$ cat input.tsv   # TSV, C-alpha atoms
chain	number	residue	atom	x	y	z
A	1	MET	CA	0.00	0.00	0.00
A	2	SER	CA	1.24	3.48	-0.86
A	3	ASP	CA	1.84	6.10	1.80
A	4	PHE	CA	-0.04	9.38	1.61
A	5	ALA	CA	1.35	12.90	1.81
A	6	GLN	CA	-0.57	14.89	4.40
A	7	ILE	CA	-1.69	18.21	2.95
A	8	PRO	CA	-3.99	20.49	4.99
A	9	MET	CA	-7.40	20.86	3.37
A	10	GLN	CA	-10.35	23.12	4.08
A	11	PHE	CA	-13.62	23.92	2.36
A	12	VAL	CA	-14.13	27.56	1.44
A	13	GLY	CA	-17.32	29.41	0.61
A	14	PRO	CA	-20.15	29.29	-0.03
A	15	MET	CA	-19.84	31.20	-3.27
A	16	LYS	CA	-22.71	32.04	-5.58
A	17	VAL	CA	-22.32	30.62	-9.11
A	18	SER	CA	-24.62	31.03	-12.10
A	19	GLY	CA	-24.66	30.12	-15.78
A	20	SER	CA	-25.96	27.47	-18.15
A	21	VAL	CA	-23.80	24.69	-16.64
A	22	LEU	CA	-24.71	25.09	-12.96
A	23	GLU	CA	-26.39	27.52	-10.62
A	24	GLY	CA	-26.48	27.82	-6.85
A	25	ASP	CA	-24.36	28.32	-3.74
A	26	TYR	CA	-21.33	26.02	-3.46
A	27	GLU	CA	-18.50	25.26	-1.08
A	28	VAL	CA	-15.24	24.00	-2.62
A	29	PRO	CA	-12.21	22.21	-1.13
A	30	LEU	CA	-8.65	23.52	-1.28
A	31	ALA	CA	-5.61	21.47	-0.20
A	32	THR	CA	-2.59	23.69	0.41
A	33	TYR	CA	0.28	24.50	2.74
A	34	GLU	CA	-0.34	28.22	2.15
A	35	ALA	CA	-2.78	28.90	4.96
A	36	PRO	CA	-3.65	32.50	3.94
A	37	LEU	CA	-5.20	31.11	0.75
A	38	TRP	CA	-8.31	29.87	2.57
A	39	PRO	CA	-9.38	33.23	4.09
A	40	SER	CA	-8.39	35.03	0.90
A	41	VAL	CA	-10.61	32.86	-1.31
A	42	ASN	CA	-13.30	33.03	1.37
A	43	ARG	CA	-13.30	36.82	1.09
A	44	GLY	CA	-13.90	36.61	-2.64
A	45	ALA	CA	-16.64	34.04	-2.02
A	46	ARG	CA	-18.40	36.36	0.46
A	47	VAL	CA	-18.35	39.09	-2.14
A	48	SER	CA	-19.99	36.79	-4.68
A	49	MET	CA	-22.82	36.05	-2.25
A	50	GLN	CA	-23.65	39.77	-2.11
A	51	CYS	CA	-23.65	40.39	-5.87
A	52	LYS	CA	-26.63	39.85	-8.14
A	53	GLY	CA	-26.07	36.59	-10.03
A	54	GLY	CA	-22.80	35.99	-8.19
A	55	ILE	CA	-20.09	34.56	-10.44
A	56	GLN	CA	-21.30	33.76	-13.94
A	57	CYS	CA	-19.38	30.86	-15.51
A	58	THR	CA	-19.34	30.05	-19.21
A	59	VAL	CA	-17.75	26.94	-20.72
A	60	VAL	CA	-16.49	28.17	-24.09
A	61	ASP	CA	-14.91	24.91	-25.28
A	62	ASP	CA	-14.10	21.38	-24.13
A	63	ARG	CA	-11.43	19.17	-25.71
A	64	MET	CA	-8.41	17.07	-24.79
A	65	THR	CA	-5.39	16.51	-27.04
A	66	ARG	CA	-2.56	14.19	-27.91
A	67	SER	CA	-0.03	14.82	-30.67
A	68	VAL	CA	1.94	12.12	-32.46
A	69	LEU	CA	5.24	12.42	-34.31
A	70	LEU	CA	5.83	10.76	-37.69
A	71	GLU	CA	9.04	10.63	-39.73
A	72	VAL	CA	8.99	11.11	-43.52
A	73	PRO	CA	11.66	11.22	-46.26
A	74	ASP	CA	11.15	14.95	-46.86
A	75	ALA	CA	8.65	17.79	-46.51
A	76	SER	CA	7.09	17.13	-49.92
A	77	VAL	CA	6.15	13.61	-48.92
A	78	ALA	CA	4.90	14.90	-45.56
A	79	LEU	CA	2.52	17.31	-47.31
A	80	GLN	CA	1.20	14.65	-49.69
A	81	SER	CA	0.65	12.22	-46.82
A	82	LEU	CA	-1.05	14.88	-44.73
A	83	GLU	CA	-3.58	15.61	-47.47
A	84	LYS	CA	-4.46	11.90	-47.68
A	85	ILE	CA	-4.78	11.66	-43.89
A	86	LYS	CA	-7.12	14.66	-43.84
A	87	ALA	CA	-9.26	13.13	-46.59
A	88	GLY	CA	-9.67	10.03	-44.45
A	89	PHE	CA	-10.78	11.91	-41.31
A	90	PRO	CA	-14.20	10.14	-41.05
A	91	ALA	CA	-12.41	6.78	-40.88
A	92	LEU	CA	-10.19	8.11	-38.09
A	93	CYS	CA	-13.31	9.09	-36.11
A	94	ASN	CA	-14.61	5.53	-36.37
A	95	ILE	CA	-11.30	4.12	-35.13
A	96	VAL	CA	-11.41	6.33	-32.02
A	97	GLU	CA	-14.94	5.22	-31.16
A	98	GLY	CA	-13.64	1.66	-31.10
A	99	THR	CA	-11.10	2.50	-28.39
A	100	SER	CA	-13.45	3.91	-25.74
A	101	ARG	CA	-17.10	4.39	-24.80
A	102	PHE	CA	-16.55	8.12	-24.40
A	103	ALA	CA	-13.61	9.25	-26.58
A	104	ARG	CA	-14.64	11.09	-29.75
A	105	LEU	CA	-12.29	12.64	-32.31
A	106	ILE	CA	-13.48	16.17	-33.07
A	107	ASP	CA	-10.56	17.83	-34.87
A	108	MET	CA	-6.96	17.48	-36.02
A	109	HIS	CA	-4.18	20.02	-36.54
A	110	SER	CA	-0.76	19.54	-38.08
A	111	GLN	CA	2.72	20.96	-38.39
A	112	ILE	CA	5.51	20.02	-40.80
A	113	ALA	CA	9.09	20.65	-39.70
A	114	GLY	CA	11.71	19.41	-42.15
A	115	ASN	CA	11.14	15.69	-42.56
A	116	LEU	CA	8.88	15.48	-39.50
A	117	LEU	CA	5.08	15.45	-39.46
A	118	PHE	CA	3.25	16.36	-36.24
A	119	LEU	CA	-0.44	15.52	-35.89
A	120	ARG	CA	-2.43	17.02	-33.01
A	121	PHE	CA	-5.57	14.98	-32.38
A	122	GLU	CA	-8.36	16.62	-30.38
A	123	PHE	CA	-11.01	14.62	-28.51
A	124	THR	CA	-13.95	14.90	-26.16
A	125	THR	CA	-13.57	12.52	-23.20
A	126	GLY	CA	-16.81	12.57	-21.20
A	127	ASP	CA	-16.28	13.17	-17.48
A	128	ALA	CA	-12.62	12.09	-17.52
A	129	ALA	CA	-9.75	14.54	-17.85
A	130	GLY	CA	-8.74	12.13	-20.60
A	131	HIS	CA	-4.95	11.78	-20.58
A	132	ASN	CA	-4.89	8.00	-20.94
A	133	MET	CA	-8.03	7.89	-23.05
A	134	CYS	CA	-6.47	10.25	-25.61
A	135	THR	CA	-3.13	8.43	-25.64
A	136	GLN	CA	-4.89	5.11	-26.26
A	137	ALA	CA	-6.93	6.64	-29.08
A	138	ALA	CA	-3.85	8.32	-30.56
A	139	GLU	CA	-2.00	5.02	-30.52
A	140	ALA	CA	-4.81	3.37	-32.50
A	141	LEU	CA	-4.85	6.28	-34.95
A	142	MET	CA	-1.10	6.13	-35.38
A	143	ASN	CA	-1.17	2.38	-36.06
A	144	HIS	CA	-3.87	2.89	-38.69
A	145	ILE	CA	-1.97	5.73	-40.37
A	146	LEU	CA	1.28	3.76	-40.47
A	147	GLU	CA	-0.53	0.77	-41.96
A	148	TYR	CA	-2.11	2.77	-44.80
A	149	HIS	CA	0.80	5.15	-45.37
A	150	PRO	CA	4.00	3.07	-45.66
A	151	GLU	CA	5.98	6.19	-46.55
A	152	LEU	CA	5.65	7.25	-42.90
A	153	LYS	CA	7.63	5.93	-39.92
A	154	TYR	CA	6.96	5.96	-36.20
A	155	GLY	CA	8.54	8.90	-34.37
A	156	SER	CA	6.82	9.10	-30.98
A	157	ILE	CA	3.39	8.61	-29.46
A	158	SER	CA	3.78	12.14	-28.06
A	159	GLY	CA	5.39	14.90	-30.08
A	160	ASN	CA	5.00	17.82	-27.59
A	161	TYR	CA	2.60	19.58	-29.95
A	162	CYS	CA	-0.18	18.48	-27.53
A	163	SER	CA	1.08	20.26	-25.36
A	164	ASP	CA	0.94	18.42	-22.02
A	165	LYS	CA	2.16	20.09	-18.79
A	166	LYS	CA	4.23	22.72	-20.57
A	167	ALA	CA	3.81	26.47	-20.96
A	168	THR	CA	3.05	26.89	-24.67
A	169	ALA	CA	0.97	29.10	-26.93
A	170	VAL	CA	-0.76	26.26	-28.78
A	171	ASN	CA	-3.02	25.27	-25.88
A	172	GLY	CA	-4.43	28.76	-25.48
A	173	ILE	CA	-4.92	29.15	-29.23
A	174	LEU	CA	-6.35	25.73	-30.11
A	175	GLY	CA	-7.58	24.65	-26.68
A	176	ARG	CA	-6.72	21.85	-24.27
A	177	GLY	CA	-9.12	20.97	-21.48
A	178	LYS	CA	-12.08	23.10	-20.49
A	179	TYR	CA	-12.06	26.72	-21.66
A	180	VAL	CA	-13.95	28.61	-18.94
A	181	VAL	CA	-14.65	32.29	-18.33
A	182	ALA	CA	-15.84	33.42	-14.87
A	183	GLU	CA	-17.25	36.95	-14.45
A	184	ILE	CA	-18.71	39.11	-11.70
A	185	THR	CA	-19.96	42.69	-11.34
A	186	ILE	CA	-19.35	44.13	-7.89
A	187	PRO	CA	-21.10	47.30	-6.66
A	188	ARG	CA	-18.76	50.04	-5.45
A	189	LYS	CA	-20.06	49.91	-1.88
A	190	ILE	CA	-19.26	46.17	-1.65
A	191	CYS	CA	-15.74	46.85	-2.98
A	192	SER	CA	-15.28	49.42	-0.25
A	193	ARG	CA	-16.86	47.44	2.58
A	194	ASN	CA	-15.62	43.90	1.84
A	195	LEU	CA	-12.47	44.41	-0.21
A	196	LYS	CA	-11.27	47.68	1.43
A	197	THR	CA	-10.58	49.22	-1.96
A	198	ALA	CA	-12.20	50.97	-4.93
A	199	PRO	CA	-12.98	49.65	-8.44
A	200	GLU	CA	-10.60	52.07	-10.13
A	201	LYS	CA	-7.72	50.94	-7.91
A	202	ILE	CA	-8.19	47.28	-8.90
A	203	VAL	CA	-8.52	48.26	-12.57
A	204	GLN	CA	-5.30	50.27	-12.45
A	205	LEU	CA	-3.36	47.57	-10.58
A	206	ASN	CA	-4.53	44.89	-12.98
A	207	ILE	CA	-3.21	46.90	-15.94
A	208	ARG	CA	0.09	47.79	-14.32
A	209	LYS	CA	0.81	44.47	-12.58
A	210	ASN	CA	-0.91	41.69	-14.53
A	211	LEU	CA	-0.65	43.15	-18.03
A	212	ILE	CA	2.41	45.42	-18.14
A	213	GLY	CA	4.38	43.60	-15.45
A	214	THR	CA	3.80	40.22	-17.05
A	215	MET	CA	4.72	41.60	-20.47
A	216	LEU	CA	8.01	42.94	-19.10
A	217	ALA	CA	8.68	39.53	-17.56
A	218	GLY	CA	8.06	37.80	-20.88
A	219	GLY	CA	4.96	35.90	-19.76
A	220	LEU	CA	3.55	33.41	-22.27
A	221	ARG	CA	-0.21	33.86	-22.83
A	222	SER	CA	-0.53	34.67	-19.15
A	223	ALA	CA	-1.62	37.83	-17.36
A	224	ASN	CA	-2.74	37.06	-13.83
A	225	ALA	CA	-1.64	37.43	-10.23
A	226	HIS	CA	-1.74	33.87	-8.87
A	227	PHE	CA	-4.07	31.48	-10.71
A	228	ALA	CA	-1.67	28.64	-9.86
A	229	ASN	CA	-2.35	28.96	-6.11
A	230	MET	CA	-6.07	28.24	-6.41
A	231	LEU	CA	-5.58	25.66	-9.16
A	232	LEU	CA	-3.09	23.61	-7.16
A	233	GLY	CA	-5.28	23.62	-4.06
A	234	PHE	CA	-8.36	22.68	-6.08
A	235	TYR	CA	-6.59	20.01	-8.14
A	236	LEU	CA	-5.10	18.28	-5.10
A	237	ALA	CA	-8.43	18.29	-3.27
A	238	THR	CA	-10.34	16.81	-6.21
A	239	GLY	CA	-7.92	14.12	-7.39
A	240	GLN	CA	-6.61	15.87	-10.50
A	241	ASP	CA	-3.15	15.57	-12.08
A	242	ALA	CA	-1.59	18.55	-10.33
A	243	ALA	CA	1.14	18.98	-12.96
A	244	ASN	CA	-1.54	20.34	-15.29
A	245	ILE	CA	-1.47	23.63	-13.42
A	246	VAL	CA	1.47	24.47	-15.72
A	247	GLU	CA	-0.85	25.11	-18.66
A	248	GLY	CA	-3.88	25.71	-16.46
A	249	SER	CA	-2.36	28.81	-14.89
A	250	GLN	CA	-1.90	30.41	-18.32
A	251	GLY	CA	-4.90	32.71	-18.16
A	252	LEU	CA	-6.08	36.30	-18.25
A	253	THR	CA	-7.50	38.59	-15.56
A	254	MET	CA	-9.62	41.53	-16.71
A	255	ALA	CA	-11.03	44.44	-14.71
A	256	GLU	CA	-13.15	47.39	-15.84
A	257	GLU	CA	-15.03	50.18	-14.09
A	258	ARG	CA	-18.65	50.17	-15.26
A	259	ASP	CA	-20.94	52.93	-14.01
A	260	GLY	CA	-18.86	53.17	-10.85
A	261	ASN	CA	-18.94	49.42	-10.21
A	262	LEU	CA	-16.26	46.79	-10.81
A	263	TYR	CA	-16.50	44.25	-13.63
A	264	PHE	CA	-13.99	41.49	-12.91
A	265	SER	CA	-13.28	38.30	-14.86
A	266	VAL	CA	-10.83	35.44	-15.21
A	267	THR	CA	-10.33	33.51	-18.45
A	268	LEU	CA	-8.89	30.01	-18.16
A	269	PRO	CA	-8.52	28.26	-21.53
A	270	ASN	CA	-6.75	25.15	-20.22
A	271	LEU	CA	-8.59	23.69	-17.23
A	272	ILE	CA	-7.80	19.96	-17.30
A	273	VAL	CA	-10.18	18.42	-14.79
A	274	GLY	CA	-12.41	15.36	-14.53
A	275	THR	CA	-14.73	13.65	-12.09
A	276	VAL	CA	-13.82	10.06	-13.02
A	277	GLY	CA	-10.51	8.32	-13.62
A	278	ASN	CA	-7.25	7.89	-11.74
A	279	GLY	CA	-7.24	9.61	-8.35
A	280	LYS	CA	-11.02	10.02	-8.20
A	281	GLY	CA	-11.65	6.82	-6.23
A	282	LEU	CA	-9.92	7.98	-3.05
A	283	ASP	CA	-12.27	8.33	-0.10
A	284	PHE	CA	-11.60	12.00	0.53
A	285	VAL	CA	-12.04	12.83	-3.18
A	286	LEU	CA	-15.34	10.96	-3.33
A	287	GLU	CA	-16.52	12.85	-0.25
A	288	ASN	CA	-15.45	16.19	-1.72
A	289	MET	CA	-17.23	15.45	-5.01
A	290	LYS	CA	-20.37	14.52	-3.10
A	291	ARG	CA	-20.29	17.73	-1.08
A	292	MET	CA	-20.09	19.69	-4.35
A	293	GLY	CA	-23.02	17.73	-5.80
A	294	LEU	CA	-20.93	15.93	-8.38
A	295	ASP	CA	-21.78	12.38	-7.32
A	296	GLU	CA	-25.09	12.36	-9.20
A	297	GLN	CA	-25.58	10.65	-12.56
A	298	ARG	CA	-25.73	13.15	-15.42
A	299	GLU	CA	-25.11	13.23	-19.15
A	300	PRO	CA	-21.49	12.28	-20.03
A	301	GLY	CA	-19.23	15.30	-19.59
A	302	GLU	CA	-21.69	17.36	-17.56
A	303	ASN	CA	-20.15	16.68	-14.14
A	304	ALA	CA	-16.67	17.52	-15.47
A	305	ARG	CA	-17.94	20.81	-16.90
A	306	ARG	CA	-19.62	21.63	-13.57
A	307	LEU	CA	-16.34	20.90	-11.80
A	308	ALA	CA	-14.49	23.18	-14.23
A	309	CYS	CA	-16.93	26.01	-13.50
A	310	LEU	CA	-16.44	25.61	-9.75
A	311	CYS	CA	-12.69	25.65	-10.32
A	312	ALA	CA	-12.86	28.85	-12.38
A	313	ALA	CA	-15.11	30.52	-9.79
A	314	THR	CA	-12.59	29.60	-7.08
A	315	VAL	CA	-9.79	31.14	-9.12
A	316	LEU	CA	-11.82	34.34	-9.51
A	317	CYS	CA	-12.41	34.58	-5.75
A	318	GLY	CA	-8.72	34.22	-4.93
A	319	GLU	CA	-7.57	36.50	-7.73
A	320	LEU	CA	-10.00	39.25	-6.74
A	321	SER	CA	-9.03	39.08	-3.08
A	322	LEU	CA	-5.28	39.23	-3.72
A	323	LEU	CA	-5.51	42.16	-6.12
A	324	ALA	CA	-7.68	44.03	-3.63
A	325	ALA	CA	-5.11	43.37	-0.90
A	326	GLN	CA	-2.25	44.60	-3.07
A	327	THR	CA	-3.93	47.96	-3.63
A	328	ASN	CA	-3.32	48.65	0.09
A	329	PRO	CA	0.24	49.02	1.44
A	330	GLY	CA	1.13	46.38	4.03
A	331	GLU	CA	-2.08	44.33	3.79
A	332	LEU	CA	-0.61	41.30	2.00
A	333	MET	CA	2.42	40.80	4.26
A	334	GLY	CA	0.34	41.62	7.31
A	335	ALA	CA	-2.02	38.74	6.52
A	336	HIS	CA	0.90	36.33	6.09
A	337	ARG	CA	2.50	37.43	9.37
A	338	ARG	CA	-0.78	37.02	11.22
A	339	ILE	CA	-1.88	33.68	9.71
A	340	GLU	CA	1.38	31.87	8.99
A	341	ARG	CA	3.64	33.29	11.69
A	342	GLY	CA	1.07	34.01	14.38
A	343	GLN	CA	2.36	37.56	14.84
$ encode --input "input.tsv" --output "structure tokens"
Amino acid sequence: MSDFAQIPMQFVGPMKVSGSVLEGDYEVPLATYEAPLWPSVNRGARVSMQCKGGIQCTVVDDRMTRSVLLEVPDASVALQSLEKIKAGFPALCNIVEGTSRFARLIDMHSQIAGNLLFLRFEFTTGDAAGHNMCTQAAEALMNHILEYHPELKYGSISGNYCSDKKATAVNGILGRGKYVVAEITIPRKICSRNLKTAPEKIVQLNIRKNLIGTMLAGGLRSANAHFANMLLGFYLATGQDAANIVEGSQGLTMAEERDGNLYFSVTLPNLIVGTVGNGKGLDFVLENMKRMGLDEQREPGENARRLACLCAATVLCGELSLLAAQTNPGELMGAHRRIERGQ
């Protein structure tokens, strides 16, 4: 039997969530060693409970990917082979359906580099995050392609054009995981009372810190304060592959003043989460899923999309709270001294 790492975990919330995927008041679990994260996310959650509609979540897209690498004699042959592979796309879809009850091939992208051909297969995977499901499907696709295209040779089952657990542009452009946008409009008086700041201060800080600061640092499709903090806590508490916070934390924070109020949103194009699969059978994960209402039978993929919305809403709460704190001198470090050091 494997040993378990002990990571402190608490539920935060409730937070008010709305949208076409789910609606209601939810508590969510976060497993982290960074104790100030719980009260920080809780503050954002309290704000959501006081705003009309709370946090509106929209699932823009849902797909999982695996890229394969094929070797060819030269680029001319690669192009000719690629055109034939594209023409046979319906047959590829049928092959994928034979590998899984839930995997479906929905698109394919390609890149030719010298005598190398990269194929990026894109799938839907039901309620699973889909790593293994996509690799199994890609393996079947690769075997079929090699059988019908003898001019091609095996390169690798994964060609890094996926791109799994790496900070790349392709995931944000083409999509990998759940693409979710979470939004909230906060009245000025709630900003003042609960966040101890003003809408224009958060708007200005977001531009200067998240946009300009990240640009100066050379950030890659990323303009946020600390998405990774909430993602790691949420992923560990819900049995996800925590390494996927690498691409998951590539997201955008936006803030605007609208009629004196604060419009605030987070865009996360690469949320790789699931409610079934490896890690989801642990007792504490099952209990956490049940407490979030994700233990009920629904249409394939619906529970995973609901989980992604709760994840995005959690990120918004933590992002909002931290930016508000950083508009006030001394507030951030004061919280860490008080909570982590007991000063």
$ atom_distance --input "input.tsv" --atom1 "CA of Gly293 (chain A)" --atom2 "CA of Tyr26 (chain A)"
8.8 Å
$ atom_distance --input "input.tsv" --atom1 "CA of Thr238 (chain A)" --atom2 "CA of Ser158 (chain A)"
26.4 Å
$ closest_residue --input "input.tsv" --among "A:Val203, A:Ile112, A:Ala237, A:Leu262" --to "Ile7 (chain A)" --atoms "only C-alpha atoms"
A:Ala237
$ residues_around --input "input.tsv" --residues "Glu34 (chain A)" --least-positions-apart "4" --cutoff "12 Å" --atoms "only C-alpha atoms" --output "list in words"
Ile7, Pro8, Met9, Gln10, Leu30, Trp38, Pro39, Ser40, Val41, Asn229, Met230, Leu232, Gly233, Ala335, His336, Ile339, Glu340 and Arg341 of chain A
$ atom_distance --input "input.tsv" --atom1 "CA of Glu151 (chain A)" --atom2 "CA of Arg120 (chain A)"
19.3 Å
$ residues_around --input "input.tsv" --residues "Gly274 (chain A)" --least-positions-apart "4" --cutoff "6 Å" --atoms "all atoms listed in the file" --output "VMD selection string"
chain A and resid 127 to 129 304
$ write_last_selection --input "input.tsv" --atoms "C-alpha atoms" --output "mmCIF file, in the frame of the given file"
data_model
loop_
_atom_site.group_PDB
_atom_site.id
_atom_site.type_symbol
_atom_site.label_atom_id
_atom_site.label_comp_id
_atom_site.auth_asym_id
_atom_site.auth_seq_id
_atom_site.Cartn_x
_atom_site.Cartn_y
_atom_site.Cartn_z
ATOM 1 C CA ASP A 127 -16.280 13.170 -17.480
ATOM 2 C CA ALA A 128 -12.620 12.090 -17.520
ATOM 3 C CA ALA A 129 -9.750 14.540 -17.850
ATOM 4 C CA ALA A 304 -16.670 17.520 -15.470
#
$ residues_near_point --input "input.tsv" --point "(-12.6, 17.6, -0.8)" --cutoff "12 Å" --atoms "all atoms listed in the file" --output "ChimeraX atom specification"
/A:7-12,27-32,233-240,280,282-294
$ closest_residue --input "input.tsv" --among "A:Asn261, A:Gln80, A:Asn42, A:Thr197" --to "Ala325 (chain A)" --atoms "all atoms listed in the file"
A:Thr197
$ axis_aligned_box --input "input.tsv" --around "region 181-186 of chain A" --padding-each-side "5 Å" --output "JSON"
{"center_x": -17.3, "center_y": 38.2, "center_z": -13.1, "size_x": 15.3, "size_y": 21.8, "size_z": 20.4}
$ closest_atom_pairs --input "input.tsv" --of "region 161-257 of chain A" --to "region 47-53 of chain A" --cutoff "8 Å" --atoms "all atoms listed in the file" --output "JSON lines"
{"residue": "A:Ile184", "atom": "CA", "partner": "A:Ser48", "partner_atom": "CA", "distance": 7.5}
{"residue": "A:Thr185", "atom": "CA", "partner": "A:Cys51", "partner_atom": "CA", "distance": 7.0}
{"residue": "A:Ile186", "atom": "CA", "partner": "A:Cys51", "partner_atom": "CA", "distance": 6.0}
{"residue": "A:Pro187", "atom": "CA", "partner": "A:Cys51", "partner_atom": "CA", "distance": 7.4}
{"residue": "A:Ile190", "atom": "CA", "partner": "A:Val47", "partner_atom": "CA", "distance": 7.2}
{"residue": "A:Asn194", "atom": "CA", "partner": "A:Val47", "partner_atom": "CA", "distance": 6.8}
$ closest_residue --input "input.tsv" --among "A:Ile157, A:Val180, A:Met215, A:Ala169" --to "Leu268 (chain A)" --atoms "all atoms listed in the file"
A:Val180
$ residues_around --input "input.tsv" --residues "Cys309 (chain A)" --least-positions-apart "6" --cutoff "8 Å" --atoms "all atoms listed in the file" --output "PyMOL selection string"
chain A and resi 21-22+57-59+180+182
$ closest_atom_pairs --input "input.tsv" --of "region 120-147 of chain A" --to "region 70-74 of chain A" --cutoff "12 Å" --atoms "only C-alpha atoms" --output "JSON lines"
{"residue": "A:Arg120", "atom": "CA", "partner": "A:Leu70", "partner_atom": "CA", "distance": 11.4}
{"residue": "A:Leu141", "atom": "CA", "partner": "A:Leu70", "partner_atom": "CA", "distance": 11.9}
{"residue": "A:Met142", "atom": "CA", "partner": "A:Leu70", "partner_atom": "CA", "distance": 8.6}
{"residue": "A:Asn143", "atom": "CA", "partner": "A:Leu70", "partner_atom": "CA", "distance": 11.0}
{"residue": "A:Ile145", "atom": "CA", "partner": "A:Leu70", "partner_atom": "CA", "distance": 9.7}
{"residue": "A:Leu146", "atom": "CA", "partner": "A:Leu70", "partner_atom": "CA", "distance": 8.8}
$ closest_residue --input "input.tsv" --among "A:Lys153, A:Lys201, A:Lys178, A:Lys166" --to "Leu220 (chain A)" --atoms "only C-alpha atoms"
A:Lys166
$ closest_atom_pairs --input "input.tsv" --of "region 75-141 of chain A" --to "region 174-177 of chain A" --cutoff "12 Å" --atoms "all atoms listed in the file" --output "Markdown table"
| residue | atom | partner | partner_atom | distance |
| --- | --- | --- | --- | --- |
| A:Asp107 | CA | A:Leu174 | CA | 10.1 |
| A:Met108 | CA | A:Leu174 | CA | 10.2 |
| A:His109 | CA | A:Leu174 | CA | 8.9 |
| A:Ser110 | CA | A:Leu174 | CA | 11.5 |
| A:Arg120 | CA | A:Leu174 | CA | 10.0 |
| A:Phe121 | CA | A:Arg176 | CA | 10.7 |
| A:Glu122 | CA | A:Arg176 | CA | 8.2 |
| A:Phe123 | CA | A:Arg176 | CA | 9.4 |
| A:Thr124 | CA | A:Gly177 | CA | 9.1 |
| A:Thr125 | CA | A:Gly177 | CA | 9.7 |
| A:Gly126 | CA | A:Gly177 | CA | 11.4 |
| A:Asp127 | CA | A:Gly177 | CA | 11.3 |
| A:Ala128 | CA | A:Gly177 | CA | 10.3 |
| A:Ala129 | CA | A:Gly177 | CA | 7.4 |
| A:Gly130 | CA | A:Gly177 | CA | 8.9 |
| A:His131 | CA | A:Gly177 | CA | 10.1 |
| A:Cys134 | CA | A:Arg176 | CA | 11.7 |
